[in-house]
file target-v9.pdb (PDB, C-alpha atoms)
ATOM      1  CA  MET L  17      44.876-113.408 202.118
ATOM      2  CA  LYS L  18      42.372-115.113 199.839
ATOM      3  CA  THR L  19      39.366-117.062 201.059
ATOM      4  CA  ASN L  20      37.839-120.224 199.726
ATOM      5  CA  VAL L  21      36.208-119.834 196.323
ATOM      6  CA  ILE L  22      32.421-120.162 196.552
ATOM      7  CA  PRO L  23      30.390-121.363 193.546
ATOM      8  CA  ILE L  24      27.352-119.112 193.062
ATOM      9  CA  ARG L  25      24.351-119.369 190.759
ATOM     10  CA  SER L  26      21.651-117.043 189.476
ATOM     11  CA  ASP L  27      19.046-118.893 191.567
ATOM     12  CA  LEU L  28      20.997-117.761 194.679
ATOM     13  CA  ALA L  29      22.462-121.213 195.302
ATOM     14  CA  GLY L  30      25.646-120.520 197.242
ATOM     15  CA  LYS L  31      24.329-117.337 198.887
ATOM     16  CA  ASP L  32      24.349-118.682 202.464
ATOM     17  CA  LYS L  33      27.821-120.145 202.026
ATOM     18  CA  ALA L  34      29.090-116.855 200.588
ATOM     19  CA  LEU L  35      27.677-114.886 203.519
ATOM     20  CA  ARG L  36      29.282-117.305 205.997
ATOM     21  CA  GLU L  37      32.573-116.872 204.160
ATOM     22  CA  ALA L  38      32.138-113.097 204.474
ATOM     23  CA  GLU L  39      31.703-113.482 208.242
ATOM     24  CA  LYS L  40      34.869-115.601 208.537
ATOM     25  CA  PHE L  41      36.710-113.101 206.332
ATOM     26  CA  ALA L  42      35.621-110.231 208.608
ATOM     27  CA  GLU L  43      36.753-112.115 211.701
ATOM     28  CA  TYR L  44      40.128-112.952 210.162
ATOM     29  CA  ASN L  45      40.716-109.269 209.337
ATOM     30  CA  ASP L  46      39.405-108.017 212.710
ATOM     31  CA  LEU L  47      36.461-106.219 211.107
ATOM     32  CA  THR L  48      33.771-105.643 213.716
ATOM     33  CA  GLY L  49      30.728-103.455 214.257
ATOM     34  CA  LYS L  50      30.031-101.051 211.403
ATOM     35  CA  ASN L  51      32.913-102.369 209.319
ATOM     36  CA  SER L  52      31.618-105.932 209.486
ATOM     37  CA  MET L  53      28.117-104.725 208.620
ATOM     38  CA  HIS L  54      29.421-102.776 205.607
ATOM     39  CA  LEU L  55      31.240-105.847 204.326
ATOM     40  CA  ARG L  56      28.053-107.898 204.628
ATOM     41  CA  LEU L  57      25.984-105.229 202.849
ATOM     42  CA  LEU L  58      28.470-105.105 199.978
ATOM     43  CA  THR L  59      28.437-108.904 199.780
ATOM     44  CA  GLU L  60      24.629-108.958 199.678
ATOM     45  CA  GLU L  61      24.616-106.321 196.928
ATOM     46  CA  THR L  62      27.123-108.365 194.958
ATOM     47  CA  LEU L  63      24.985-111.483 195.268
ATOM     48  CA  SER L  64      21.839-109.589 194.266
ATOM     49  CA  MET L  65      23.692-108.338 191.184
ATOM     50  CA  VAL L  66      24.274-111.858 189.867
ATOM     51  CA  HIS L  67      20.823-113.137 190.835
ATOM     52  CA  GLY L  68      19.024-114.007 187.624
ATOM     53  CA  ILE L  69      21.687-112.689 185.209
ATOM     54  CA  VAL L  70      20.735-115.643 183.049
ATOM     55  CA  SER L  71      18.743-118.660 184.158
ATOM     56  CA  ASP L  72      21.748-120.985 184.196
ATOM     57  CA  PHE L  73      24.407-118.502 185.325
ATOM     58  CA  GLN L  74      27.283-120.045 187.259
ATOM     59  CA  GLY L  75      30.105-118.013 188.715
ATOM     60  CA  LYS L  76      32.651-117.923 191.509
ATOM     61  CA  LEU L  77      32.934-115.551 194.458
ATOM     62  CA  TRP L  78      35.799-115.050 196.864
ATOM     63  CA  PHE L  79      37.309-112.411 199.161
ATOM     64  CA  GLU L  80      40.817-111.006 199.248
ATOM     65  CA  SER L  81      42.550-108.684 201.708
ATOM     66  CA  LEU L  82      45.769-106.719 201.685
ATOM     67  CA  ASP L  83      47.182-105.495 204.987
ATOM     68  CA  MET L  84      48.386-101.916 204.553
ATOM     69  CA  THR L  85      50.060 -99.530 207.001
ATOM     70  CA  ASP L  86      46.942 -97.859 208.358
ATOM     71  CA  SER L  87      44.164 -99.809 206.680
ATOM     72  CA  ILE L  88      43.056-103.134 205.238
ATOM     73  CA  LEU L  89      42.070-103.247 201.573
ATOM     74  CA  CYS L  90      39.297-105.789 201.088
ATOM     75  CA  ARG L  91      38.029-107.087 197.762
ATOM     76  CA  ILE L  92      34.873-108.992 196.869
ATOM     77  CA  CYS L  93      35.585-110.787 193.596
ATOM     78  CA  VAL L  94      33.187-112.444 191.170
ATOM     79  CA  SER L  95      34.195-114.169 187.949
ATOM     80  CA  ALA L  96      32.337-116.108 185.288
ATOM     81  CA  ASN L  97      33.352-117.958 182.163
ATOM     82  CA  LYS L  98      32.570-116.188 178.916
ATOM     83  CA  ASP L  99      30.645-119.126 177.486
ATOM     84  CA  VAL L 100      27.042-117.954 177.711
ATOM     85  CA  ASP L 101      25.102-117.967 174.456
ATOM     86  CA  MET L 102      22.940-114.896 174.941
ATOM     87  CA  LYS L 103      21.084-115.524 171.680
ATOM     88  CA  GLN L 104      19.554-118.580 173.320
ATOM     89  CA  GLU L 105      19.196-117.107 176.800
ATOM     90  CA  GLU L 106      16.760-114.216 177.309
ATOM     91  CA  GLN L 107      15.927-114.327 180.999
ATOM     92  CA  LEU L 108      17.498-111.177 182.462
ATOM     93  CA  LEU L 109      17.010-109.287 185.688
ATOM     94  CA  SER L 110      16.137-106.243 183.601
ATOM     95  CA  VAL L 111      13.025-107.933 182.196
ATOM     96  CA  SER L 112       9.965-106.309 183.700
ATOM     97  CA  THR L 113       6.795-108.039 184.872
ATOM     98  CA  SER L 114       5.219-106.982 181.593
ATOM     99  CA  GLY L 115       7.642-109.280 179.794
ATOM    100  CA  LYS L 116       9.322-106.399 177.975
ATOM    101  CA  ASN L 117      12.994-105.579 178.181
ATOM    102  CA  VAL L 118      13.676-102.331 179.984
ATOM    103  CA  ARG L 119      16.847-100.345 180.463
ATOM    104  CA  ALA L 120      18.931-101.471 183.433
ATOM    105  CA  LYS L 121      18.103 -99.282 186.420
ATOM    106  CA  GLY L 122      20.352 -98.244 189.273
ATOM    107  CA  ILE L 123      24.111 -98.347 189.410
ATOM    108  CA  MET L 124      24.201-102.066 190.282
ATOM    109  CA  GLY L 125      21.733-102.815 187.510
ATOM    110  CA  LYS L 126      24.070-101.152 185.031
ATOM    111  CA  ILE L 127      27.118-102.904 186.458
ATOM    112  CA  ARG L 128      25.209-106.178 186.210
ATOM    113  CA  GLU L 129      24.410-105.410 182.581
ATOM    114  CA  MET L 130      28.080-104.744 181.783
ATOM    115  CA  PHE L 131      28.992-108.021 183.465
ATOM    116  CA  ARG L 132      26.247-109.884 181.605
ATOM    117  CA  VAL L 133      27.173-108.687 178.137
ATOM    118  CA  SER L 134      30.873-109.183 178.885
ATOM    119  CA  MET L 135      30.177-112.903 179.082
ATOM    120  CA  GLN L 136      29.222-112.818 175.398
ATOM    121  CA  CYS L 137      32.783-112.170 174.293
ATOM    122  CA  SER L 138      34.612-115.008 172.652
ATOM    123  CA  ALA L 139      37.901-116.250 174.059
ATOM    124  CA  ASP L 140      39.823-114.202 171.492
ATOM    125  CA  GLY L 141      38.208-110.997 172.778
ATOM    126  CA  THR L 142      35.846-110.374 169.873
ATOM    127  CA  TYR L 143      32.164-109.621 170.035
ATOM    128  CA  SER L 144      29.387-108.670 167.674
ATOM    129  CA  GLY L 145      26.464-106.292 167.837
ATOM    130  CA  SER L 146      26.046-103.128 169.863
ATOM    131  CA  ALA L 147      25.067-104.558 173.273
ATOM    132  CA  MET L 148      28.649-104.529 174.556
ATOM    133  CA  GLN L 149      29.333-101.019 173.322
ATOM    134  CA  ASP L 150      26.018 -99.674 174.606
ATOM    135  CA  SER L 151      26.405-101.085 178.108
ATOM    136  CA  TRP L 152      30.052-100.096 178.527
ATOM    137  CA  TYR L 153      29.995 -96.687 176.853
ATOM    138  CA  ARG L 154      26.763 -95.696 178.596
ATOM    139  CA  MET L 155      28.761 -95.973 181.800
ATOM    140  CA  GLY L 156      31.441 -93.540 180.672
ATOM    141  CA  THR L 157      33.894 -96.066 179.225
ATOM    142  CA  HIS L 158      35.347 -94.347 176.185
ATOM    143  CA  TYR L 159      38.048 -96.855 175.328
ATOM    144  CA  ASP L 160      37.852-100.389 174.059
ATOM    145  CA  PRO L 161      37.005-102.709 176.989
ATOM    146  CA  MET L 162      38.849-105.459 175.163
ATOM    147  CA  ALA L 163      42.088-103.779 176.293
ATOM    148  CA  TYR L 164      41.503-105.253 179.771
ATOM    149  CA  ASN L 165      44.335-107.322 181.217
ATOM    150  CA  SER L 166      44.949-109.351 184.345
ATOM    151  CA  ALA L 167      46.771-106.513 186.078
ATOM    152  CA  LEU L 168      43.540-104.476 186.117
ATOM    153  CA  THR L 169      45.374-101.375 184.936
ATOM    154  CA  ASP L 170      43.699 -99.485 182.105
ATOM    155  CA  GLY L 171      41.191-101.566 180.196
ATOM    156  CA  TYR L 172      38.416-101.872 182.746
ATOM    157  CA  TRP L 173      35.389 -99.874 183.867
ATOM    158  CA  SER L 174      36.020 -98.059 187.143
ATOM    159  CA  LEU L 175      33.424 -96.728 189.598
ATOM    160  CA  GLN L 176      35.945 -94.176 190.834
ATOM    161  CA  ARG L 177      36.475 -92.744 187.351
ATOM    162  CA  TYR L 178      32.731 -92.856 186.683
ATOM    163  CA  ARG L 179      32.091 -90.930 189.918
ATOM    164  CA  GLU L 180      34.673 -88.297 188.956
ATOM    165  CA  ASN L 181      33.229 -87.945 185.445
ATOM    166  CA  ILE L 182      29.631 -87.393 186.484
ATOM    167  CA  GLN L 183      30.659 -85.071 189.319
ATOM    168  CA  SER L 184      32.309 -82.753 186.791
ATOM    169  CA  ASN L 185      29.531 -83.034 184.196
ATOM    170  CA  GLU L 186      26.615 -80.659 184.683
ATOM    171  CA  GLU L 187      24.372 -82.893 182.566
ATOM    172  CA  SER L 188      24.822 -85.900 184.853
ATOM    173  CA  GLU L 189      22.487 -84.916 187.682
ATOM    174  CA  GLU L 190      20.351 -88.034 187.197
ATOM    175  CA  GLU L 191      23.395 -90.333 187.244
ATOM    176  CA  TRP L 192      24.777 -88.640 190.370
ATOM    177  CA  ASP L 193      21.439 -88.985 192.155
ATOM    178  CA  GLU L 194      21.358 -92.640 191.151
ATOM    179  CA  LEU L 195      24.862 -93.172 192.505
ATOM    180  CA  GLU L 196      24.060 -91.435 195.791
ATOM    181  CA  LYS L 197      21.096 -93.748 196.375
ATOM    182  CA  SER L 198      23.164 -96.886 195.808
ATOM    183  CA  ILE L 199      24.567 -98.876 198.722
ATOM    184  CA  VAL L 200      27.604 -99.769 196.650
ATOM    185  CA  GLY L 201      27.958 -96.166 195.483
ATOM    186  CA  LYS L 202      28.053 -95.021 199.113
ATOM    187  CA  LEU L 203      30.154 -97.770 200.675
ATOM    188  CA  ALA L 204      32.570 -99.025 198.031
ATOM    189  CA  ASP L 205      35.796 -97.193 197.294
ATOM    190  CA  GLU L 206      36.053 -98.796 193.877
ATOM    191  CA  VAL L 207      34.265-101.219 191.567
ATOM    192  CA  LYS L 208      36.066-102.676 188.565
ATOM    193  CA  VAL L 209      34.455-104.552 185.697
ATOM    194  CA  GLY L 210      36.904-106.135 183.310
ATOM    195  CA  LEU L 211      37.634-108.896 180.849
ATOM    196  CA  LEU L 212      40.263-111.602 180.903
ATOM    197  CA  SER L 213      40.851-113.910 177.954
ATOM    198  CA  GLY L 214      38.252-116.377 179.173
ATOM    199  CA  LEU L 215      36.533-114.597 182.056
ATOM    200  CA  ALA L 216      34.324-111.663 182.892
ATOM    201  CA  GLU L 217      35.139-110.232 186.319
ATOM    202  CA  VAL L 218      33.744-107.790 188.879
ATOM    203  CA  ILE L 219      35.852-106.602 191.818
ATOM    204  CA  ILE L 220      34.414-104.460 194.616
ATOM    205  CA  GLU L 221      37.006-102.772 196.839
ATOM    206  CA  LYS L 222      36.649-101.234 200.292
ATOM    207  CA  LYS L 223      39.352 -99.890 202.616
ATOM    208  CA  PHE L 224      38.789-100.297 206.321
ATOM    209  CA  MET L 225      40.876 -98.148 208.649
ATOM    210  CA  LYS L 226      42.672 -99.933 211.469
TER     211      LYS L 226
END

call {"tool": "encode", "arguments": {"input": "target-v9.pdb", "output": "structure tokens"}}
result
Amino acid sequence: MKTNVIPIRSDLAGKDKALREAEKFAEYNDLTGKNSMHLRLLTEETLSMVHGIVSDFQGKLWFESLDMTDSILCRICVSANKDVDMKQEEQLLSVSTSGKNVRAKGIMGKIREMFRVSMQCSADGTYSGSAMQDSWYRMGTHYDPMAYNSALTDGYWSLQRYRENIQSNEESEEEWDELEKSIVGKLADEVKVGLLSGLAEVIIEKKFMK
């Protein structure tokens, strides 16, 4: 099933409505106790990710579920139009109190940064400068993110693949520690960041056992 689509903004407009939708979604899928709490935590983390991406950010959030044999696959989905002129917009969450840009910190900070720069792509999938490459490739994406398609098959960044890569890389102790401290890193089974022809999209997946 798919819930209502909730408009969300960087100033947290839509947050309360999104959290109420998460509660209704949990009830519909019989998620109670710890499962319901985990869904809320993941929703809150998703909302905090988009908070302040750019001062006039507008996106959409919704929930999807797929009833499987022994579990329910739940998705928290966020999409935004790729129409943000980042040359004119400089207010980012990664700007420190000193007013200087700093490297995105934490796994959700880096996911947010990938999502933010993905909105710079034109409708034909082209982009300029190194911001896109830096944010995607820093997260272990070694193919062209422009290969993304609506089936979410190959051309997207995957938390699961990222987790596997840093677990097998002896030089990734800092990244692994960062992942272990993240709520999303602990609770989510998968996070996908991808590009459609006119959209940037983040999907957070969690399986709940019946």

call {"tool": "atom_distance", "arguments": {"input": "target-v9.pdb", "atom1": "CA of Leu195 (chain L)", "atom2": "CA of Ser52 (chain L)"}}
result
22.3 Å

call {"tool": "closest_residue", "arguments": {"input": "target-v9.pdb", "among": "L:Met124, L:Met84, L:Val200, L:Leu215", "to": "Leu55 (chain L)", "atoms": "all atoms listed in the file"}}
result
L:Val200

call {"tool": "atom_distance", "arguments": {"input": "target-v9.pdb", "atom1": "CA of Gln74 (chain L)", "atom2": "CA of Ser26 (chain L)"}}
result
6.8 Å

call {"tool": "resolve_selection", "arguments": {"input": "target-v9.pdb", "expression": "the PyMOL selection byres ((chain L and resi 30-38) around 8)", "output": "number ranges by chain"}}
result
L: 19-20, 22-25, 28-29, 39-42, 55-56, 59-60, 63, 77-79

call {"tool": "closest_residue", "arguments": {"input": "target-v9.pdb", "among": "L:Tyr44, L:Phe73, L:Trp173, L:Phe224", "to": "Lys126 (chain L)", "atoms": "only C-alpha atoms"}}
result
L:Trp173

call {"tool": "atom_distance", "arguments": {"input": "target-v9.pdb", "atom1": "CA of Asn97 (chain L)", "atom2": "CA of His67 (chain L)"}}
result
16.0 Å

call {"tool": "residues_around", "arguments": {"input": "target-v9.pdb", "residues": "Glu217 (chain L)", "least_positions_apart": "6", "cutoff": "7 Å", "atoms": "all atoms listed in the file", "output": "list in words"}}
result
Val94, Ser95, Ala96, Val209, Gly210 and Leu211 of chain L

call {"tool": "residues_around", "arguments": {"input": "target-v9.pdb", "residues": "Thr85 (chain L)", "least_positions_apart": "4", "cutoff": "12 Å", "atoms": "all atoms listed in the file", "output": "mmCIF file with C-alpha atoms, in the coordinates of the input"}}
result
data_model
loop_
_atom_site.group_PDB
_atom_site.id
_atom_site.type_symbol
_atom_site.label_atom_id
_atom_site.label_comp_id
_atom_site.auth_asym_id
_atom_site.auth_seq_id
_atom_site.Cartn_x
_atom_site.Cartn_y
_atom_site.Cartn_z
ATOM 1 C CA LEU L 89 42.070 -103.247 201.573
ATOM 2 C CA LYS L 223 39.352 -99.890 202.616
ATOM 3 C CA PHE L 224 38.789 -100.297 206.321
ATOM 4 C CA MET L 225 40.876 -98.148 208.649
ATOM 5 C CA LYS L 226 42.672 -99.933 211.469
#

call {"tool": "resolve_selection", "arguments": {"input": "target-v9.pdb", "expression": "the PyMOL selection byres ((chain L and resi 205) around 6)", "output": "short mmCIF file (atom, residue, chain, number, x, y, z; two decimals) with C-alpha atoms, in the frame of the given file"}}
result
data_model
loop_
_atom_site.label_atom_id
_atom_site.label_comp_id
_atom_site.auth_asym_id
_atom_site.auth_seq_id
_atom_site.Cartn_x
_atom_site.Cartn_y
_atom_site.Cartn_z
CA ALA L 204 32.57 -99.02 198.03
CA GLU L 206 36.05 -98.80 193.88
CA GLU L 221 37.01 -102.77 196.84
CA LYS L 222 36.65 -101.23 200.29
#

call {"tool": "closest_residue", "arguments": {"input": "target-v9.pdb", "among": "L:Ile123, L:Lys208, L:Glu190, L:Asn45", "to": "Arg177 (chain L)", "atoms": "only C-alpha atoms"}}
result
L:Lys208
